[in-house]
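Q: For reference, the file coords_33.txt (compact mmCIF, C-alpha atoms and all ligand atoms) is included below:
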# COMPACT_ATOMS: atom_id res chain seq x y z
CA MET A 1 -3.38 -13.86 -11.57
CA GLU A 2 -1.57 -14.45 -8.27
CA LYS A 3 -2.49 -11.81 -5.69
CA LYS A 4 0.39 -9.68 -4.44
CA LEU A 5 0.99 -9.24 -0.75
CA VAL A 6 3.29 -6.27 -0.37
CA PHE A 7 5.44 -5.64 2.72
CA SER A 8 8.07 -3.01 3.43
CA GLY A 9 9.65 -1.22 6.36
CA VAL A 10 11.37 2.05 7.19
CA GLN A 11 13.58 2.72 10.22
CA PRO A 12 12.51 5.46 12.64
CA THR A 13 15.99 6.91 13.07
CA GLY A 14 15.49 10.54 12.04
CA SER A 15 13.81 12.64 9.37
CA LEU A 16 13.14 10.86 6.09
CA HIS A 17 14.83 12.23 2.99
CA LEU A 18 14.45 12.37 -0.78
CA GLY A 19 16.18 8.96 -1.15
CA ASN A 20 13.60 7.32 1.10
CA TYR A 21 10.83 9.03 -0.85
CA LEU A 22 11.97 8.29 -4.42
CA GLY A 23 13.47 4.86 -3.65
CA ALA A 24 10.67 3.56 -1.44
CA LEU A 25 7.70 5.68 -0.26
CA LYS A 26 6.56 6.75 -3.73
CA ASN A 27 6.43 3.10 -4.74
CA PHE A 28 4.56 2.17 -1.52
CA VAL A 29 1.85 4.65 -2.48
CA ASP A 30 1.54 3.35 -6.06
CA LEU A 31 1.31 -0.24 -4.85
CA GLN A 32 -1.45 0.45 -2.35
CA LYS A 33 -3.89 1.19 -5.22
CA ASN A 34 -4.27 -2.43 -6.32
CA ASN A 35 -2.69 -4.62 -3.68
CA GLU A 36 -2.89 -5.70 -0.10
CA CYS A 37 -0.05 -3.74 1.53
CA ILE A 38 1.60 -3.81 4.95
CA TYR A 39 3.97 -0.95 5.85
CA CYS A 40 5.96 -1.11 9.03
CA VAL A 41 7.90 1.40 11.11
CA VAL A 42 10.76 -0.93 12.04
CA ASP A 43 11.63 0.17 15.57
CA LEU A 44 13.26 -3.18 16.48
CA HIS A 45 15.74 -2.55 13.67
CA ALA A 46 16.41 0.98 14.91
CA ILE A 47 17.75 -0.18 18.27
CA THR A 48 20.56 -2.22 16.67
CA VAL A 49 22.36 1.11 17.16
CA PHE A 50 21.65 2.87 20.49
CA GLN A 51 18.65 5.25 20.33
CA ASP A 52 17.67 7.79 22.94
CA PRO A 53 14.25 6.50 24.15
CA LYS A 54 12.48 9.86 23.89
CA GLU A 55 13.90 10.49 20.41
CA LEU A 56 12.92 6.98 19.34
CA ARG A 57 9.31 7.55 20.45
CA ASP A 58 9.21 10.85 18.54
CA ASN A 59 10.78 9.27 15.47
CA ILE A 60 8.25 6.40 15.41
CA LEU A 61 5.46 8.99 15.24
CA GLU A 62 7.34 11.11 12.71
CA THR A 63 7.92 8.15 10.38
CA THR A 64 4.23 7.27 10.65
CA ALA A 65 3.42 10.91 9.81
CA ALA A 66 5.77 10.75 6.79
CA PHE A 67 3.99 7.59 5.56
CA LEU A 68 0.63 9.36 5.68
CA ALA A 69 1.98 12.66 4.31
CA SER A 70 3.47 10.82 1.30
CA GLY A 71 0.02 9.48 0.45
CA LEU A 72 -0.40 6.19 2.30
CA ASP A 73 -3.96 5.62 3.41
CA HIS A 74 -4.34 3.76 6.71
CA LYS A 75 -7.76 2.52 5.59
CA LYS A 76 -6.25 0.82 2.53
CA SER A 77 -2.85 -0.27 3.87
CA ILE A 78 -1.87 -1.69 7.24
CA ILE A 79 0.46 0.82 8.94
CA PHE A 80 2.00 -0.15 12.28
CA ASN A 81 5.18 -0.30 14.36
CA GLN A 82 7.18 -3.51 14.48
CA SER A 83 7.66 -3.88 18.25
CA SER A 84 3.90 -3.99 18.83
CA VAL A 85 3.63 -7.32 16.96
CA SER A 86 5.71 -9.85 18.90
CA GLY A 87 5.65 -12.31 16.00
CA HIS A 88 8.50 -10.40 14.32
CA ALA A 89 10.91 -11.19 17.16
CA GLU A 90 9.61 -14.75 17.56
CA LEU A 91 10.04 -15.63 13.88
CA ALA A 92 13.42 -13.88 13.82
CA TRP A 93 14.66 -16.36 16.43
CA ILE A 94 13.49 -19.34 14.36
CA LEU A 95 15.16 -17.84 11.27
CA ASN A 96 18.37 -17.23 13.25
CA CYS A 97 18.50 -21.01 13.45
CA VAL A 98 17.92 -21.42 9.70
CA ALA A 99 20.31 -18.76 8.30
CA ARG A 100 24.01 -19.70 8.12
CA ILE A 101 26.83 -17.62 9.62
CA GLY A 102 28.55 -17.62 6.21
CA TRP A 103 25.51 -15.98 4.65
CA LEU A 104 25.53 -13.14 7.19
CA ASN A 105 29.28 -12.67 6.83
CA ARG A 106 28.70 -11.61 3.23
CA MET A 107 26.36 -8.70 4.12
CA THR A 108 28.04 -5.50 2.96
CA GLN A 109 25.75 -3.21 4.95
CA PHE A 110 26.93 -4.77 8.23
CA LYS A 111 30.55 -4.25 7.17
CA ASP A 112 29.82 -0.60 6.31
CA LYS A 113 27.84 0.13 9.47
CA ALA A 114 30.07 -1.73 11.90
CA GLY A 115 33.18 -0.12 10.41
CA LYS A 116 36.67 -1.13 11.50
CA ASP A 117 35.81 -1.98 15.09
CA ARG A 118 33.46 -4.86 14.36
CA GLU A 119 33.89 -6.44 17.80
CA LYS A 120 32.10 -3.44 19.30
CA ALA A 121 29.02 -3.63 17.04
CA SER A 122 25.87 -5.00 18.68
CA VAL A 123 24.95 -8.62 17.97
CA GLY A 124 21.61 -7.21 16.80
CA LEU A 125 23.32 -5.27 14.01
CA TYR A 126 24.92 -8.51 12.81
CA ILE A 127 21.71 -10.56 12.73
CA TYR A 128 19.62 -7.60 11.52
CA PRO A 129 19.06 -9.20 8.06
CA ASN A 130 17.43 -12.23 9.72
CA LEU A 131 14.95 -9.93 11.48
CA MET A 132 14.28 -8.28 8.13
CA ALA A 133 13.57 -11.72 6.63
CA ALA A 134 11.21 -12.40 9.54
CA ASP A 135 9.33 -9.13 8.88
CA ILE A 136 8.70 -10.17 5.30
CA LEU A 137 8.02 -13.88 5.82
CA LEU A 138 5.77 -13.44 8.89
CA TYR A 139 3.06 -12.17 6.54
CA LYS A 140 3.97 -14.61 3.71
CA SER A 141 4.66 -11.48 1.64
CA THR A 142 5.22 -11.93 -2.08
CA HIS A 143 6.59 -8.48 -3.04
CA VAL A 144 8.91 -6.07 -1.26
CA PRO A 145 9.41 -2.49 -2.54
CA VAL A 146 12.87 -1.20 -1.50
CA GLY A 147 15.77 0.94 -2.69
CA ALA A 148 18.76 -0.78 -4.31
CA ASP A 149 20.71 -0.69 -1.02
CA GLN A 150 18.41 -3.40 0.38
CA LYS A 151 18.85 -5.82 -2.53
CA GLN A 152 21.39 -8.04 -0.79
CA HIS A 153 19.15 -8.33 2.28
CA LEU A 154 16.28 -9.39 0.04
CA GLU A 155 18.44 -12.06 -1.58
CA LEU A 156 19.28 -13.38 1.88
CA CYS A 157 15.57 -13.43 2.75
CA ARG A 158 14.90 -15.53 -0.35
CA ASP A 159 17.68 -17.96 0.64
CA ILE A 160 16.26 -18.27 4.16
CA ALA A 161 12.72 -18.90 2.86
CA GLN A 162 13.99 -21.55 0.47
CA ARG A 163 16.12 -23.22 3.12
CA PHE A 164 13.19 -23.32 5.58
CA ASN A 165 10.87 -24.83 2.97
CA ASN A 166 13.52 -27.43 2.04
CA ASP A 167 14.49 -28.31 5.62
CA PHE A 168 10.89 -28.88 6.64
CA LYS A 169 9.78 -30.26 3.24
CA LYS A 170 6.77 -27.95 3.18
CA ASN A 171 6.03 -24.90 1.06
CA ILE A 172 5.36 -22.55 3.95
CA PHE A 173 6.91 -19.36 2.59
CA PRO A 174 6.51 -17.81 -0.86
CA ILE A 175 9.88 -16.65 -2.24
CA PRO A 176 9.47 -12.84 -2.13
CA GLU A 177 10.32 -10.63 -5.10
CA PRO A 178 12.13 -7.32 -4.58
CA LEU A 179 10.47 -4.34 -6.31
CA ILE A 180 13.25 -1.87 -7.06
CA GLN A 181 12.58 1.35 -9.01
CA LYS A 182 14.13 1.18 -12.47
CA ASN A 183 15.09 4.81 -13.05
CA ILE A 184 16.18 5.81 -9.60
CA SER A 185 16.93 2.91 -7.30
CA ARG A 186 19.67 4.75 -5.42
CA VAL A 187 19.57 8.49 -4.78
CA MET A 188 23.11 9.69 -4.16
CA SER A 189 24.54 12.28 -1.75
CA LEU A 190 24.47 15.86 -3.05
CA ARG A 191 28.08 16.28 -1.86
CA ASP A 192 29.54 13.00 -3.15
CA GLY A 193 27.90 11.19 -6.05
CA THR A 194 29.56 7.88 -5.15
CA LYS A 195 27.83 7.68 -1.74
CA LYS A 196 24.11 7.09 -1.21
CA MET A 197 21.97 9.86 0.28
CA SER A 198 21.72 8.89 3.92
CA LYS A 199 20.26 10.05 7.24
CA SER A 200 23.55 9.30 8.94
CA ASP A 201 25.69 11.60 6.75
CA GLU A 202 27.09 14.33 9.01
CA SER A 203 26.46 17.07 6.45
CA SER A 204 22.81 18.08 6.09
CA TYR A 205 23.88 19.54 2.70
CA SER A 206 24.25 15.96 1.45
CA ARG A 207 20.49 15.38 1.45
CA ILE A 208 17.07 16.94 0.96
CA ASP A 209 14.91 16.15 3.99
CA LEU A 210 11.18 15.83 3.45
CA LYS A 211 10.70 18.57 6.06
CA ASP A 212 13.09 21.07 4.40
CA SER A 213 11.69 24.54 3.69
CA ALA A 214 11.77 26.04 0.18
CA ASP A 215 14.75 28.20 1.22
CA GLU A 216 16.69 25.21 2.50
CA ILE A 217 16.01 23.29 -0.70
CA VAL A 218 17.26 26.18 -2.86
CA LYS A 219 20.38 26.55 -0.69
CA LYS A 220 21.19 22.82 -0.72
CA ILE A 221 20.70 22.46 -4.48
CA LYS A 222 22.79 25.58 -5.13
CA LYS A 223 25.62 24.09 -3.05
CA ALA A 224 25.27 20.60 -4.57
CA LYS A 225 28.38 19.36 -6.35
CA SER A 226 27.96 19.27 -10.16
CA ASP A 227 30.56 19.89 -12.87
CA SER A 228 32.55 22.82 -14.25
CA LEU A 229 31.76 21.96 -17.88
CA PRO A 230 28.26 22.46 -19.38
CA ILE A 231 25.71 19.59 -19.29
CA PRO A 232 26.91 16.94 -21.78
CA GLU A 233 25.03 15.52 -24.75
CA SER A 234 25.42 11.82 -24.19
CA LEU A 235 24.78 9.37 -21.38
CA SER A 236 28.28 7.92 -21.73
CA GLU A 237 29.86 11.28 -20.83
CA LEU A 238 28.03 11.13 -17.49
CA ASP A 239 29.81 7.91 -16.49
CA SER A 240 32.67 9.90 -14.98
CA LYS A 241 30.42 12.62 -13.46
CA PRO A 242 28.42 10.88 -10.68
CA GLU A 243 27.20 14.14 -9.06
CA ALA A 244 25.88 15.51 -12.36
CA LEU A 245 24.25 12.17 -13.17
CA ASN A 246 22.55 12.15 -9.76
CA LEU A 247 21.06 15.64 -10.19
CA LEU A 248 19.84 14.78 -13.69
CA ASN A 249 18.37 11.48 -12.47
CA ILE A 250 16.50 13.15 -9.60
CA TYR A 251 15.14 15.81 -11.95
CA SER A 252 14.04 13.23 -14.54
CA ASP A 253 12.25 11.12 -11.94
CA LEU A 254 10.40 14.06 -10.34
CA ASN A 255 9.53 15.35 -13.79
CA LYS A 256 8.19 11.87 -14.78
CA SER A 257 10.63 11.91 -17.69
CA THR A 258 13.64 9.84 -18.78
CA LEU A 259 17.32 10.71 -18.49
CA GLU A 260 17.58 10.76 -22.30
CA LYS A 261 14.77 13.33 -22.61
CA THR A 262 16.24 15.48 -19.83
CA LEU A 263 19.65 15.45 -21.52
CA ASN A 264 18.03 16.43 -24.80
CA GLU A 265 16.36 19.37 -23.09
CA MET A 266 19.45 20.49 -21.17
CA LYS A 267 22.54 19.59 -23.22
CA GLY A 268 25.04 22.45 -23.50
CA LYS A 269 23.39 24.47 -20.70
CA ASP A 270 25.07 25.41 -17.43
CA TYR A 271 24.30 23.42 -14.31
CA SER A 272 22.72 26.54 -12.81
CA TYR A 273 19.84 26.04 -15.29
CA LEU A 274 19.30 22.45 -14.12
CA LYS A 275 19.64 23.52 -10.48
CA ASN A 276 16.94 26.19 -10.83
CA LYS A 277 14.55 23.73 -12.48
CA LEU A 278 15.37 21.06 -9.91
CA SER A 279 14.76 23.43 -6.98
CA GLU A 280 11.40 24.44 -8.46
CA ILE A 281 10.15 20.89 -8.87
CA LEU A 282 11.48 19.82 -5.47
CA ILE A 283 9.64 22.72 -3.82
CA GLU A 284 6.47 21.76 -5.70
CA ILE A 285 6.61 18.07 -4.72
CA ILE A 286 8.50 17.89 -1.41
CA CYS A 287 7.32 21.01 0.46
CA PRO A 288 3.63 19.94 0.57
CA ILE A 289 4.75 16.57 2.04
CA GLY A 290 6.84 18.36 4.67
CA LYS A 291 3.90 20.59 5.61
CA LYS A 292 1.62 17.57 5.97
CA ILE A 293 4.21 15.82 8.19
CA THR A 294 4.14 18.83 10.54
CA GLN A 295 0.34 18.87 10.53
CA PHE A 296 0.10 15.15 11.34
CA LEU A 297 2.64 15.60 14.13
CA ASP A 298 0.33 18.15 15.71
CA ASP A 299 -2.22 15.37 16.24
CA LYS A 300 -0.29 12.64 18.06
CA THR A 301 -3.53 11.01 19.26
CA PHE A 302 -4.51 10.39 15.65
CA LEU A 303 -1.07 8.96 14.78
CA GLU A 304 -1.22 6.63 17.78
CA LYS A 305 -4.69 5.51 16.73
CA VAL A 306 -3.42 4.72 13.22
CA ILE A 307 -0.57 2.54 14.52
CA ASN A 308 -2.70 0.85 17.18
CA GLU A 309 -5.36 -0.12 14.66
CA GLY A 310 -2.67 -1.22 12.19
CA SER A 311 -0.93 -3.32 14.86
CA GLU A 312 -4.17 -5.13 15.63
CA LYS A 313 -4.70 -6.03 11.98
CA ALA A 314 -1.05 -7.05 11.50
CA ASN A 315 -1.12 -9.14 14.66
CA LYS A 316 -4.08 -11.19 13.44
CA ILE A 317 -2.26 -12.21 10.24
CA ALA A 318 1.00 -12.74 12.14
CA GLN A 319 -0.55 -15.00 14.81
CA LYS A 320 -2.25 -17.20 12.21
CA ASN A 321 0.97 -17.66 10.21
CA LEU A 322 3.13 -18.08 13.29
CA LYS A 323 0.92 -20.91 14.51
CA GLU A 324 1.50 -22.79 11.26
CA ILE A 325 5.25 -22.02 11.32
CA LYS A 326 5.67 -23.17 14.95
CA ASN A 327 3.71 -26.32 14.21
CA THR A 328 5.96 -27.00 11.19
CA VAL A 329 9.08 -26.60 13.32
CA GLY A 330 7.71 -29.10 15.86
CA PHE A 331 6.72 -26.89 18.78
CA LEU A 332 3.76 -28.12 20.84
P1 LIG B 1 15.89 2.33 5.66
O1 LIG B 1 15.09 2.77 6.83
O2 LIG B 1 17.34 2.59 5.65
O3 LIG B 1 15.30 2.98 4.34
C1 LIG B 1 13.91 2.91 4.02
C2 LIG B 1 13.74 2.70 2.53
O4 LIG B 1 14.35 3.77 1.81
C3 LIG B 1 15.26 3.25 0.84
N1 LIG B 1 16.39 4.19 0.71
C4 LIG B 1 16.82 4.68 -0.45
N2 LIG B 1 16.40 4.49 -1.71
C5 LIG B 1 17.06 5.15 -2.68
N3 LIG B 1 18.12 5.98 -2.45
C6 LIG B 1 18.58 6.20 -1.20
N4 LIG B 1 19.58 7.02 -0.98
C7 LIG B 1 17.92 5.53 -0.12
N5 LIG B 1 18.10 5.51 1.22
C8 LIG B 1 17.16 4.69 1.71
C9 LIG B 1 15.70 1.91 1.41
O5 LIG B 1 16.19 1.06 0.40
C10 LIG B 1 14.42 1.40 2.03
O6 LIG B 1 13.61 0.78 1.06
N6 LIG B 1 16.44 -2.58 6.38
C11 LIG B 1 15.53 -1.57 5.90
C12 LIG B 1 14.22 -1.53 6.64
C13 LIG B 1 13.49 -2.84 6.71
C14 LIG B 1 12.78 -3.47 5.67
C15 LIG B 1 12.23 -4.66 6.24
C16 LIG B 1 12.57 -3.15 4.33
C17 LIG B 1 13.37 -3.61 7.83
N7 LIG B 1 12.60 -4.72 7.54
C18 LIG B 1 11.47 -5.55 5.46
C19 LIG B 1 11.80 -4.04 3.57
C20 LIG B 1 11.27 -5.22 4.15
C21 LIG B 1 16.21 -0.20 6.08
O7 LIG B 1 17.09 -0.04 6.89
O8 LIG B 1 15.63 0.79 5.36
What would you get if you wrote out this structure as structure tokens?
Ligand code: TYM
A:
Amino acid sequence: MEKKLVFSGVQPTGSLHLGNYLGALKNFVDLQKNNECIYCVVDLHAITVFQDPKELRDNILETTAAFLASGLDHKKSIIFNQSSVSGHAELAWILNCVARIGWLNRMTQFKDKAGKDREKASVGLYIYPNLMAADILLYKSTHVPVGADQKQHLELCRDIAQRFNNDFKKNIFPIPEPLIQKNISRVMSLRDGTKKMSKSDESSYSRIDLKDSADEIVKKIKKAKSDSLPIPESLSELDSKPEALNLLNIYSDLNKSTLEKTLNEMKGKDYSYLKNKLSEILIEIICPIGKKITQFLDDKTFLEKVINEGSEKANKIAQKNLKEIKNTVGFL
């Protein structure tokens, strides 16, 4: 069987939330059991939107702490920050010359993030997906666990890898496979079930942060939008109730159950019943992670050691691959 090489990244732009955990981190932890895994705190990506330098430094450590608190083991997986391995930026430049402007123009996340005033967005934000492709391809990664919001970027990465291999008539890069959770690939906002749960949402009531206390979790779930009618019997009735569907999906995933089974258990009941159960299971699963994040943050020397050791390991693989890539391109 072909060996998997897993790569993924998370931006250090604030506290991680339930969407990051269910869509990505939980999968990172499962994958580390049987595969070679590289997990990166993508600080070069973070600066595509201005970051206060002190906050950025704190957030790099906090994201590393969240990786460890979720169950990643720095002895099994390589954990590091992107800017400490220069190969990411070097390969990104080469890939900037492979990707086509038309391909980038299709990226919906750039359109969303740049908003109406696109001329004022940084050039980095526009070519961000090429840097993401470089992150993945630098290690010749074969599998990439992400939430559904990153699917289009992964497709672009596959196109870039294919184009590079074709242009240079050499099979340098494997074509990486996205690994997207089946049951819950997109956790939605607690205030608006048509929007994804996001760090950048102004309302903290829209998300559960991994560092939330039990009281905060109860308050946020109580306030979460649901429905005035009781919980329906069938999946089809949920089509027009995105907030209710989101709460039921989150509960099913945390409870290691399916949406069908949850509906069977809860049909006809009030949403307050679901909300109580959901708060309980969130407190059981998320609060211990939050506590561990705080504990890890108390030992910054340890966190720095983890990322320094990880960077050294990542750099070795990156330098070897980069040498082959530069040689392929025709650099001396
Ligand atoms: P980022 O930092 O926005 O999010 C980190 C991971 O969390 C997932 N995620 C979600 N999943 C489900 N529901 C949600 N509401 C939700 N919000 C976030 C994201 O899909 C992601 O997997 N561009 C990436 C970071 C990146 C990367 C890479 C990922 C840079 N280079 C290479 C994979 C491979 C990003 O901004 O993720």
Q: For ligand LIG 1 (chain B), which residue among A:Ser198, A:Asn105, A:Gln82, A:Thr142 is the nearest when counting only C-alpha atoms and all ligand atoms?
A: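 Nearest to ligand LIG 1 (chain B): A:Ser198.
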Q: How far is it from atom CA of Asn20 of chain A to atom CA of Thr64 of chain A, in Å with one decimal?
A: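 Between atom CA of Asn20 of chain A and atom CA of Thr64 of chain A the gap works out to 13.4 Å.
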Q: For a test of reading the model, state the distance in Å between atom CA of Asn166 of chain A and atom CA of Arg100 of chain A, rounded to one decimal.
A: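 Taking atom CA of Asn166 of chain A and atom CA of Arg100 of chain A, their separation equals 14.4 Å.
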Q: For Val123 of chain A, which of A:Asp215, A:His45, A:Ile317, A:Asp73 is the closest residue, counting only C-alpha atoms?
A: A:His45
Q: What residues have any atom no more than 8 Å from ligand LIG 1 (chain B) when counting only C-alpha atoms and all ligand atoms, and can you list them as a ChimeraX atom specification?
A: /A:7-13,17-25,40,42,45,128-129,131-136,144-151,153-154,184-189,196-199
Q: Tell me which of A:Glu216, A:Glu265, A:Glu304, A:Glu233 sits closest to Ile286 of chain A, counting only C-alpha atoms.
A: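 Looking at the shortest contact to Ile286 of chain A, the residue is A:Glu216.
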Q: Give me, please, the distance in Å between atom CA of Tyr139 of chain A and atom CA of Pro176 of chain A, quoted to one decimal.
A: 10.8 Å
Q: Of the candidates A:Ile283, A:Leu254, A:Ile208, A:Ile47, which shows the shortest atom-to-atom distance to Ala121 of chain A, using only C-alpha atoms?
A: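 Closest candidate: A:Ile47.
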Q: Using all atoms listed in the file, pick whichever of A:Leu137, A:Ile285, A:Leu245, A:Ile60 has the shortest atom-to-atom distance to Asn165 of chain A.
A: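 Smallest distance to Asn165 of chain A is found for A:Leu137.
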Q: Compile the contact shell of Lys313 of chain A as a PyMOL selection string: residues with an atom at most 12 Å away, counting only C-alpha atoms, same-chain residues fewer than 2 positions apart removed.
A: chain A and resi 37-39+74-81+84-85+139+306-311+315-320
Q: Here is a test: counting all atoms listed in the file, which residue of A:Lys291, A:Ile172, A:Leu303, A:Glu155 is nearest to Asp209 of chain A?
A: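 Counting all atoms listed in the file, the residue closest to Asp209 of chain A is A:Lys291.
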Q: Would you list the contacts of segment 116-120 of chain A as a PyMOL selection string, taking every protein, DNA or RNA residue within 12 Å and counting all atoms listed in the file, but skipping same-chain residues closer than 4 positions in sequence?
A: chain A and resi 48-49+105+110-112+124-126
